[in-house]
Amino acid sequence: MTKKQTQTREGILPVWMKAGYGAGDLGGNLFFTVVAFWLTNYLTDEVKLSGTMAGLAILLGKLWDAVTDPAVGLLSDRTRTRWGRRRPWFLFAAVPLGFAMLFMFTNPGFESAMALFFWASGAYMLLCTVYTCVNIPYNALTPELTADFDERTSLNGYRMIFAVIGTLIGAGTALPIISAFEDRTQGFMAMGAIFGTLMALSSLVPFFFVREPVRAEAPKDKSMFMYLVHAYRDAFRNKPFLLILFPWAFNIVGFTVVTATLIYYFKYIYRDEASLTIALVVMLLTSMVFIPLSVLLSKRIGKKIVYLSGMSLLAASVLVFFAVGHKYGLNFAYIIMFTAGIGLSTHYVMPWAIVPDTVEYDYAKSGVRREGIYYGLWTFMIKLGQAVAGLLVGVILDAFGYIPEVEQSESALLGIRLLVGPFTAMFFVAANVILAFYPIDKQAYEEIQATIKRREAAGEISRG
């Protein structure tokens with residue numbers, strides 16, 4: 001790496017570095033898209049698990065993350081190599097991530113429902129573990145690359161363009177890949193192989209394009225266990241962090257519920273499964289187009305207001321879809337996907353631009369850099385939210401009488417509509433209520449930075 005590859009004194013990053021960092025999230029969002037859009041349906045309609053057992057298998061994988069996420073966060077905080085703290089994790093976990101994705105979508109064909117359940121749980125635990133080894137160190141780089149309030153939004157804007165591309169690939173090509181094979185089982189395997197390869201390659205890009213700034217050593221006066229205990233104690237005392245963490249988790253649940261249910265909606269209500277691809281592409285392309293506008297608006301009216309507005313629009317969209325979507329057909333669905341995409345653009349950028357500010361708040365108070373701890377919690381909430389959503393979808397489908405691959409009863413169709421509408425909206429509304437109390441605006445952030453500089457100059461904390 002040359003000197004020109006480092007950030008400027010003002011914290012402004014070169015475009016190519018922001019793009020190189022952002023490219024890593026293509027694979028990250030490809031992973032989340034497959035989980036959110038396809039995994040529940042794959043386990044119910046292809047592997048032949050009941051909705052409840054499919055949801056439980058996903059939940060077990062996420063509960064395992066309660067162990068692996070903090071462990072990887074802690075270890076990446078304490079990693080010391082000539083490549084930095086975070087980048088070695090991208091290098092060594094990328095290829096295993098690709099193979100784990102293929103394994104997840106290779107139906108073992110067991111006849112026993114319990115054997116299928118244990119396979120699904122184990123395969124998903126493996127996939128989540130190697131994904132954690134890439135994603136938590138990757139996320140922890142965000143606050144390290146720049147301390148500038150608006151530049152972090154710009155950095156995450158670049159990142160989320162790639163995130164939407166990853167989501168587009170996962171949402172727009174999964175069904176065509178699967179349908180290209182006469183044997184649906186082979187189709188899912190091909191999808192797993194293609195997506196796994198893309199995830200592995202995407203994970204390697206930041207390793208080559210990003211140079212980490214030098215950080216102070218993690219404190220050595222505590223055992224790793226005590227360091228972890230104190231770090232999590234402080235994280236759960238960090239009020240600004242909690243006021244973005246819980247809205248983020250609620251929004252993840254809502255988004256995953258609606259996206260996991262759309263395949264059922266288009267298949268059994270519209271009787272046009274293939275049109276789901278068009279609808280998702282409309283929504284995601286709209287999100288990608290409106291991401292730059294979200295970044296621009298955040299500089300004028302603040303990150304919190306933009307995020308609140310976008311998620312309110314998304315909540316309104318799903319409620320309208322519940323009320324009349326089944327009456328007005330596909331063209332109306334595409335209109336709803338467009339309006340939902342506008343709201344979704346804020347979900348792609350704003351929380352990721354907000355959470356680094358809360359990490360700086362912790363550093364100003366504690367004097368310890370522990371981004372890995374915070375992003376371990378952040379990533380765990382994503383996974384837990386998806387698991388709760390998967391279980392909710394499975395249980396409600398079963399409760400309303402859903403049976404795979406048959407004509408659905410009126411009760412089952414109502415259950416699908418409720419999942420797409422009110423059940424989703426209530427999570428978005430709950431998230432907005434909590435987020436309204438989030439306190440850090442640009443002025444507050446500048447005060448945090450002033451405190452950091454004052455404490456560093458006084459030698460109270462180590463310059464990171």
# chains A, B, ... in the order shown; residues from 1 in each chain; ligands from 1
call {"tool": "closest_atom_pairs", "arguments": {"of": "stretch 381-447 of chain A", "to": "stretch 253-275 of chain A", "cutoff": "7 Å", "atoms": "only C-alpha atoms", "output": "JSON lines"}}
result
{"residue": "A:Gly385", "atom": "CA", "partner": "A:Val253", "partner_atom": "CA", "distance": 4.7}
{"residue": "A:Gln386", "atom": "CA", "partner": "A:Val253", "partner_atom": "CA", "distance": 5.7}
{"residue": "A:Val388", "atom": "CA", "partner": "A:Val253", "partner_atom": "CA", "distance": 6.7}
{"residue": "A:Ala389", "atom": "CA", "partner": "A:Val253", "partner_atom": "CA", "distance": 5.1}
{"residue": "A:Gly390", "atom": "CA", "partner": "A:Val257", "partner_atom": "CA", "distance": 6.9}
{"residue": "A:Val393", "atom": "CA", "partner": "A:Val257", "partner_atom": "CA", "distance": 6.4}
{"residue": "A:Gln408", "atom": "CA", "partner": "A:Tyr268", "partner_atom": "CA", "distance": 6.9}
{"residue": "A:Leu413", "atom": "CA", "partner": "A:Ile269", "partner_atom": "CA", "distance": 6.9}
{"residue": "A:Ile416", "atom": "CA", "partner": "A:Tyr265", "partner_atom": "CA", "distance": 6.3}
{"residue": "A:Leu419", "atom": "CA", "partner": "A:Val258", "partner_atom": "CA", "distance": 6.4}
{"residue": "A:Val420", "atom": "CA", "partner": "A:Val258", "partner_atom": "CA", "distance": 4.8}
{"residue": "A:Thr424", "atom": "CA", "partner": "A:Gly254", "partner_atom": "CA", "distance": 4.5}
{"residue": "A:Ala425", "atom": "CA", "partner": "A:Gly254", "partner_atom": "CA", "distance": 6.8}
{"residue": "A:Phe427", "atom": "CA", "partner": "A:Gly254", "partner_atom": "CA", "distance": 5.3}
{"residue": "A:Phe428", "atom": "CA", "partner": "A:Gly254", "partner_atom": "CA", "distance": 6.2}
call {"tool": "closest_residue", "arguments": {"among": "A:Gly367, A:Pro351, A:Pro176, A:Gly192", "to": "A:Leu435", "atoms": "only C-alpha atoms"}}
result
A:Pro351
call {"tool": "closest_residue", "arguments": {"among": "A:Trp16, A:Tyr375, A:Tyr334, A:Tyr158", "to": "A:Val295", "atoms": "only C-alpha atoms"}}
result
A:Tyr158
call {"tool": "closest_atom_pairs", "arguments": {"of": "stretch 294-348 of chain A", "to": "stretch 143-156 of chain A", "cutoff": "9 Å", "atoms": "only C-alpha atoms", "output": "CSV"}}
result
residue,atom,partner,partner_atom,distance
A:Val295,CA,A:Thr153,CA,6.3
A:Leu296,CA,A:Ser154,CA,8.9
A:Ser298,CA,A:Thr153,CA,8.1
A:Lys299,CA,A:Asp150,CA,6.7
A:Lys303,CA,A:Thr153,CA,8.5
A:Tyr348,CA,A:Asn156,CA,8.6
call {"tool": "atom_distance", "arguments": {"atom1": "atom CA of A:Thr339", "atom2": "atom CA of A:Ile291"}}
result
13.5 Å
call {"tool": "residues_around", "arguments": {"residues": "A:Ala163", "least_positions_apart": "6", "cutoff": "12 Å", "atoms": "only C-alpha atoms", "output": "PyMOL selection string"}}
result
chain A and resi 19+21-33+156-157+169-170+199+202+284-285+287-288+291+345+347-349+352
call {"tool": "closest_atom_pairs", "arguments": {"of": "stretch 339-398 of chain A", "to": "stretch 453-462 of chain A", "cutoff": "10 Å", "atoms": "only C-alpha atoms", "output": "CSV"}}
result
residue,atom,partner,partner_atom,distance
A:Tyr363,CA,A:Ile461,CA,8.9
A:Ala364,CA,A:Arg455,CA,7.9
A:Lys365,CA,A:Arg455,CA,9.5
A:Ser366,CA,A:Ile461,CA,8.3
A:Gly367,CA,A:Ile461,CA,4.9
A:Val368,CA,A:Ile461,CA,7.4
A:Arg369,CA,A:Ser462,CA,9.0
call {"tool": "closest_residue", "arguments": {"among": "A:Gly196, A:Gly73, A:Pro240, A:Gly51", "to": "A:Thr379", "atoms": "only C-alpha atoms"}}
result
A:Gly73
call {"tool": "closest_residue", "arguments": {"among": "A:Leu59, A:Leu319, A:Ala115, A:Ile342", "to": "A:Leu293", "atoms": "only C-alpha atoms"}}
result
A:Ile342
call {"tool": "select_by_dssp", "arguments": {"residues": "stretch 88-241 of chain A", "states": "alpha helix (DSSP H)", "output": "number ranges by chain"}}
result
A: 88-104, 113-140, 142-145, 149-179, 184-209, 224-235, 239-241
call {"tool": "residues_around", "arguments": {"residues": "A:Ala235", "least_positions_apart": "3", "cutoff": "10 Å", "atoms": "only C-alpha atoms", "output": "count of residues only"}}
result
16
call {"tool": "closest_residue", "arguments": {"among": "A:Met114, A:Ala399, A:Asn107, A:Arg233", "to": "A:Asp45", "atoms": "only C-alpha atoms"}}
result
A:Asn107
call {"tool": "atom_distance", "arguments": {"atom1": "atom CA of A:Gly20", "atom2": "atom CA of A:Thr132"}}
result
20.0 Å
call {"tool": "closest_residue", "arguments": {"among": "A:Val95, A:Val72, A:Met101, A:Leu168", "to": "A:Thr277", "atoms": "only C-alpha atoms"}}
result
A:Leu168
call {"tool": "residues_around", "arguments": {"residues": "stretch 204-207 of chain A", "least_positions_apart": "4", "cutoff": "12 Å", "atoms": "only C-alpha atoms", "output": "count of residues only"}}
result
44
